[in-house]
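Engineer: Below is a structure I'd like to ask you about.
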Amino acid sequence: MAAIEQKKSYFVSKDFKGVNVKNNRTAIGEGEFAWLENVQPIGYGNLKIVNEATTLVSSAFANTVTYMASANINNTEFMFAFQEDGSAQYVNVTNNTVSNLAAANTFSNANVQIVQWKNERILIIDPAKGYKTWDGTNLVSIGSVGTVTINNGGANYVAPTLTFSPPGETGGVTATGEAVLLGNTIASVVITEAGSGYTSAPTITVSDSTGSGANITCTLFSQNGTSVATFSGRTWIAEGRTVYYSAPDTYNDFVSIASGFITLTDSTLRTDIATIIAANNFLYIFGEDSINVFSDVRVNSTTGETIFTNTNVSASIGSSFKYAIFPYFRSMLFMNRYGIYALVGATTSKISDDIDGIFTNIDFTKPITSGQVLINNILCACWTFTYDEPTNGTTTPRKLQAIFFDRKWFFTSQGNSITRTASAVQSGNILMFGTTGQDFIKFYANSTDGIEWEISSALWPMGDPIRDKQALKVGIEATLTSGFANFDCYIDSENQTAPPITFQNTIDWLNNTN
């Protein structure tokens, strides 16, 4: 008597989750993916292919770009590119016109950082060439008034007027100050405008109808640094383990009583400050393995000094990758050598458990950049890095983006020549731009050319094994906006991969509008 034919088993996968490369393919969930590249798992039954990058301006930059960042000046969005030879250029993101900001040797070739001040200028910090500002027209050194010394208070003064010599740089601001009398002698000076554009300390002339003999000098403030932020109406500059801060509502006054500095002496900061960044009503101070936050900034009503709270929120986790840290909704996201974390308030939590398997293959000697980007109208967090992909016992380096949204991960590849990336706002949308060294490109913007994509599912158990042989059929349901997509399908077992199946016998459904 013939055996009863075994019932056929079917498996349909539509409950799409994100990538899980931490566990073996036999151990991940049915809706998880062992690899997902250039495909966004939006929701149930909805995997959407992303677009390629497009080149906006070929050879936009005269030299290799080492740092990119965006800022808005007078309601115009710009992308700034600092280059290997110390020059800088900027791109108007609205019309993609490229202009020069500074000639070669103006800046250092690494570790420059900018931040927006209001929407009237950018502030630029350089580890060797100091602190500068650019207002859309003039690049000016923040050579401002430092300490003021009364060498001789003079005598018989009634209403003395102080006149500071003008700055040497075009676009600089002349310093101003007021004399404070003790009897008929000048006892001190209150700086009312610290000035900018001075390349040497300004001279101070004292005028009065009756007084004479006063001699007042000042020093020049010119601060190097590795990071700059604007927070609570002030400018903050980090250098080494010290953070300097300006007086309220100024970017150049580091001499008034309300300005000052704090040096972090706690052992939780094992090395120097990596970067400072403002968001969510905090100023975050990142070290390689620690995070502090400054908050509750205010002026002491009695002394006029600035006071604030300094709190250590992480004594073991931080990041030395200053361009891999950015705000995302109410979180501060950051990447280090062993994971990606979200800092919410004072709580740090790891969000990269599902992609832990890739970290051993990331080349941390190459640049890591990050930012926010809208993909398929969903705001995502994006990190670009060099990934040494295992290939037949060797590794092949390529550029990869790790994308996070809604507690899910996937990967994209927008070109192996990408060196730097940064987010910018265009027509109200947060988009990702980058450079291949000299070209200016826009991510996920080329909807004309096709992009290679890869979906690698979990290994599904299927159930009901067949004793003698097993016939497998596989089908893919896809919605094509135009043309025809090439599908190559590989059926995997625990120990081998079958030859590719190329889908050609498609079935088309047309709606009422064809």
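How things are named: the first chain in the structure tokens is A, the next is B, and so on; residues count from 1 in each chain; ligands count from 1 in the order shown.
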If we count only C-alpha atoms, what is near Val344 of chain A at a cut-off of 7 Å, once residues fewer than 6 positions away on the same chain are taken out, given as a list of chain:residue names?
Structural biologist: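 My list of contacting residues is A:Arg330, A:Ser331, A:Met332.
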Engineer: Residues near Thr502 of chain A, anyone? I mean within 7 Å using only C-alpha atoms, not counting same-chain ones fewer than 6 positions away, as a list in words.
Structural biologist: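 My list of contacting residues is Phe487, Asp488 and Cys489 of chain A.
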Engineer: Nearest residue to Trp409 of chain A out of A:Ile142, A:Leu431, A:Ala155, A:Ile351, using only C-alpha atoms?
Structural biologist: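 Closest residue, counting only C-alpha atoms: A:Ile351.
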Engineer: Of the candidates A:Asn224, A:Gln40, A:Thr235, A:Ser319, which shows the shortest atom-to-atom distance to Tyr131 of chain A, using only C-alpha atoms?
Structural biologist: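 For Tyr131 of chain A, the nearest of the given residues is A:Asn224.
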Engineer: May I ask which of the residues A:Leu459, A:Ala71, A:Ile124, A:Leu220 is the closest one to Ala27 of chain A, counting only C-alpha atoms?
Structural biologist: A:Leu459
Engineer: Could you check which of A:Thr185, A:Phe282, A:Leu36, A:Gly304 is closest to Val50 of chain A, using only C-alpha atoms?
Structural biologist: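 For Val50 of chain A, the nearest of the candidates is A:Leu36.
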Engineer: I'd like the contact shell of segment 385-396 of chain A - 8 Å cut-off, only C-alpha atoms, skipping same-chain residues fewer than 6 positions apart - returned as JSON, numbers by chain.
Structural biologist: {"A": [358, 361, 362, 363, 364, 366, 367, 368, 369]}
Engineer: Just the selected residues (N, CA and C atoms), exported as a PDB file, in the first residue's frame, please.
Structural biologist:
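Done, and the output landed in part_27.pdb:
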```pdb
ATOM      1  N   ILE A 358      28.670  43.460  13.734  1.00  0.00           N
ATOM      2  CA  ILE A 358      29.456  44.178  12.718  1.00  0.00           C
ATOM      3  C   ILE A 358      30.639  44.931  13.313  1.00  0.00           C
ATOM      4  N   ASN A 361      34.301  44.272  12.609  1.00  0.00           N
ATOM      5  CA  ASN A 361      34.738  44.492  11.230  1.00  0.00           C
ATOM      6  C   ASN A 361      34.727  45.962  10.816  1.00  0.00           C
ATOM      7  N   ILE A 362      34.457  46.869  11.758  1.00  0.00           N
ATOM      8  CA  ILE A 362      34.512  48.302  11.451  1.00  0.00           C
ATOM      9  C   ILE A 362      35.939  48.792  11.626  1.00  0.00           C
ATOM     10  N   ASP A 363      36.430  49.535  10.653  1.00  0.00           N
ATOM     11  CA  ASP A 363      37.777  50.110  10.720  1.00  0.00           C
ATOM     12  C   ASP A 363      37.685  51.460  11.439  1.00  0.00           C
ATOM     13  N   PHE A 364      38.030  51.465  12.719  1.00  0.00           N
ATOM     14  CA  PHE A 364      37.894  52.677  13.514  1.00  0.00           C
ATOM     15  C   PHE A 364      39.048  53.648  13.303  1.00  0.00           C
ATOM     16  N   LYS A 366      39.458  54.877  10.336  1.00  0.00           N
ATOM     17  CA  LYS A 366      38.897  55.706   9.271  1.00  0.00           C
ATOM     18  C   LYS A 366      37.788  56.588   9.840  1.00  0.00           C
ATOM     19  N   PRO A 367      37.469  57.701   9.165  1.00  0.00           N
ATOM     20  CA  PRO A 367      36.461  58.631   9.703  1.00  0.00           C
ATOM     21  C   PRO A 367      35.094  57.974   9.909  1.00  0.00           C
ATOM     22  N   ILE A 368      34.434  58.382  10.985  1.00  0.00           N
ATOM     23  CA  ILE A 368      33.051  57.996  11.249  1.00  0.00           C
ATOM     24  C   ILE A 368      32.242  59.281  11.356  1.00  0.00           C
ATOM     25  N   THR A 369      31.221  59.395  10.528  1.00  0.00           N
ATOM     26  CA  THR A 369      30.381  60.589  10.530  1.00  0.00           C
ATOM     27  C   THR A 369      28.929  60.166  10.722  1.00  0.00           C
TER      28      THR A 369
END
```
Engineer: For the atom pair atom CA of Ser165 of chain A and atom CA of Pro202 of chain A, what is the interatomic distance in Å to one decimal place?
Structural biologist: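 Those two atoms sit 5.3 Å apart.
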Engineer: Could you give me the residues within segment 361-507 of chain A that DSSP places in strand (DSSP E), as JSON, numbers by chain?
Structural biologist: {"A": [369, 370, 371, 372, 373, 374, 375, 378, 379, 380, 381, 382, 383, 384, 385, 386, 387, 388, 389, 390, 391, 394, 395, 396, 397, 398, 399, 400, 401, 402, 403, 404, 405, 408, 409, 410, 411, 412, 420, 421, 422, 423, 424, 425, 426, 429, 430, 431, 432, 433, 434, 435, 440, 441, 442, 443, 444, 445, 446, 454, 455, 456, 457, 488, 489, 501, 502]}
Engineer: What is the atom CA of Ala81 of chain A-atom CA of Val140 of chain A distance in Å, reported with one decimal?
Structural biologist: 17.5 Å
Engineer: Hey, what's within 7 Å of Ser70 of chain A if we count only C-alpha atoms and toss same-chain stuff fewer than 5 positions away? As a list of chain:residue names, please?
Structural biologist: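 So the residues in contact are A:Phe78, A:Met79, A:Phe80, A:Ala422, A:Ser423, A:Ala424.
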Engineer: Keeping only N, CA and C atoms, write the selected residues as a PDB file, in the first residue's frame.
Structural biologist:
```
ATOM      1  N   PHE A  78      23.602  76.532   4.529  1.00  0.00           N
ATOM      2  CA  PHE A  78      24.903  76.301   3.904  1.00  0.00           C
ATOM      3  C   PHE A  78      25.510  75.007   4.430  1.00  0.00           C
ATOM      4  N   MET A  79      26.278  74.351   3.552  1.00  0.00           N
ATOM      5  CA  MET A  79      27.122  73.243   3.968  1.00  0.00           C
ATOM      6  C   MET A  79      28.564  73.708   3.863  1.00  0.00           C
ATOM      7  N   PHE A  80      29.301  73.630   4.960  1.00  0.00           N
ATOM      8  CA  PHE A  80      30.675  74.102   5.017  1.00  0.00           C
ATOM      9  C   PHE A  80      31.629  72.921   4.901  1.00  0.00           C
ATOM     10  N   ALA A 422      27.250  64.925   6.401  1.00  0.00           N
ATOM     11  CA  ALA A 422      26.646  65.829   7.379  1.00  0.00           C
ATOM     12  C   ALA A 422      25.194  66.064   6.987  1.00  0.00           C
ATOM     13  N   SER A 423      24.355  66.324   7.971  1.00  0.00           N
ATOM     14  CA  SER A 423      22.944  66.624   7.732  1.00  0.00           C
ATOM     15  C   SER A 423      22.767  68.110   7.458  1.00  0.00           C
ATOM     16  N   ALA A 424      21.744  68.426   6.670  1.00  0.00           N
ATOM     17  CA  ALA A 424      21.361  69.813   6.432  1.00  0.00           C
ATOM     18  C   ALA A 424      19.864  69.848   6.154  1.00  0.00           C
TER      19      ALA A 424
END
```
Engineer: What separation in Å, quoted to one decimal, exists between atom CA of Asp249 of chain A and atom CA of Thr176 of chain A?
Structural biologist: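 Atom CA of Thr176 of chain A lies at a distance of 16.3 Å from atom CA of Asp249 of chain A.
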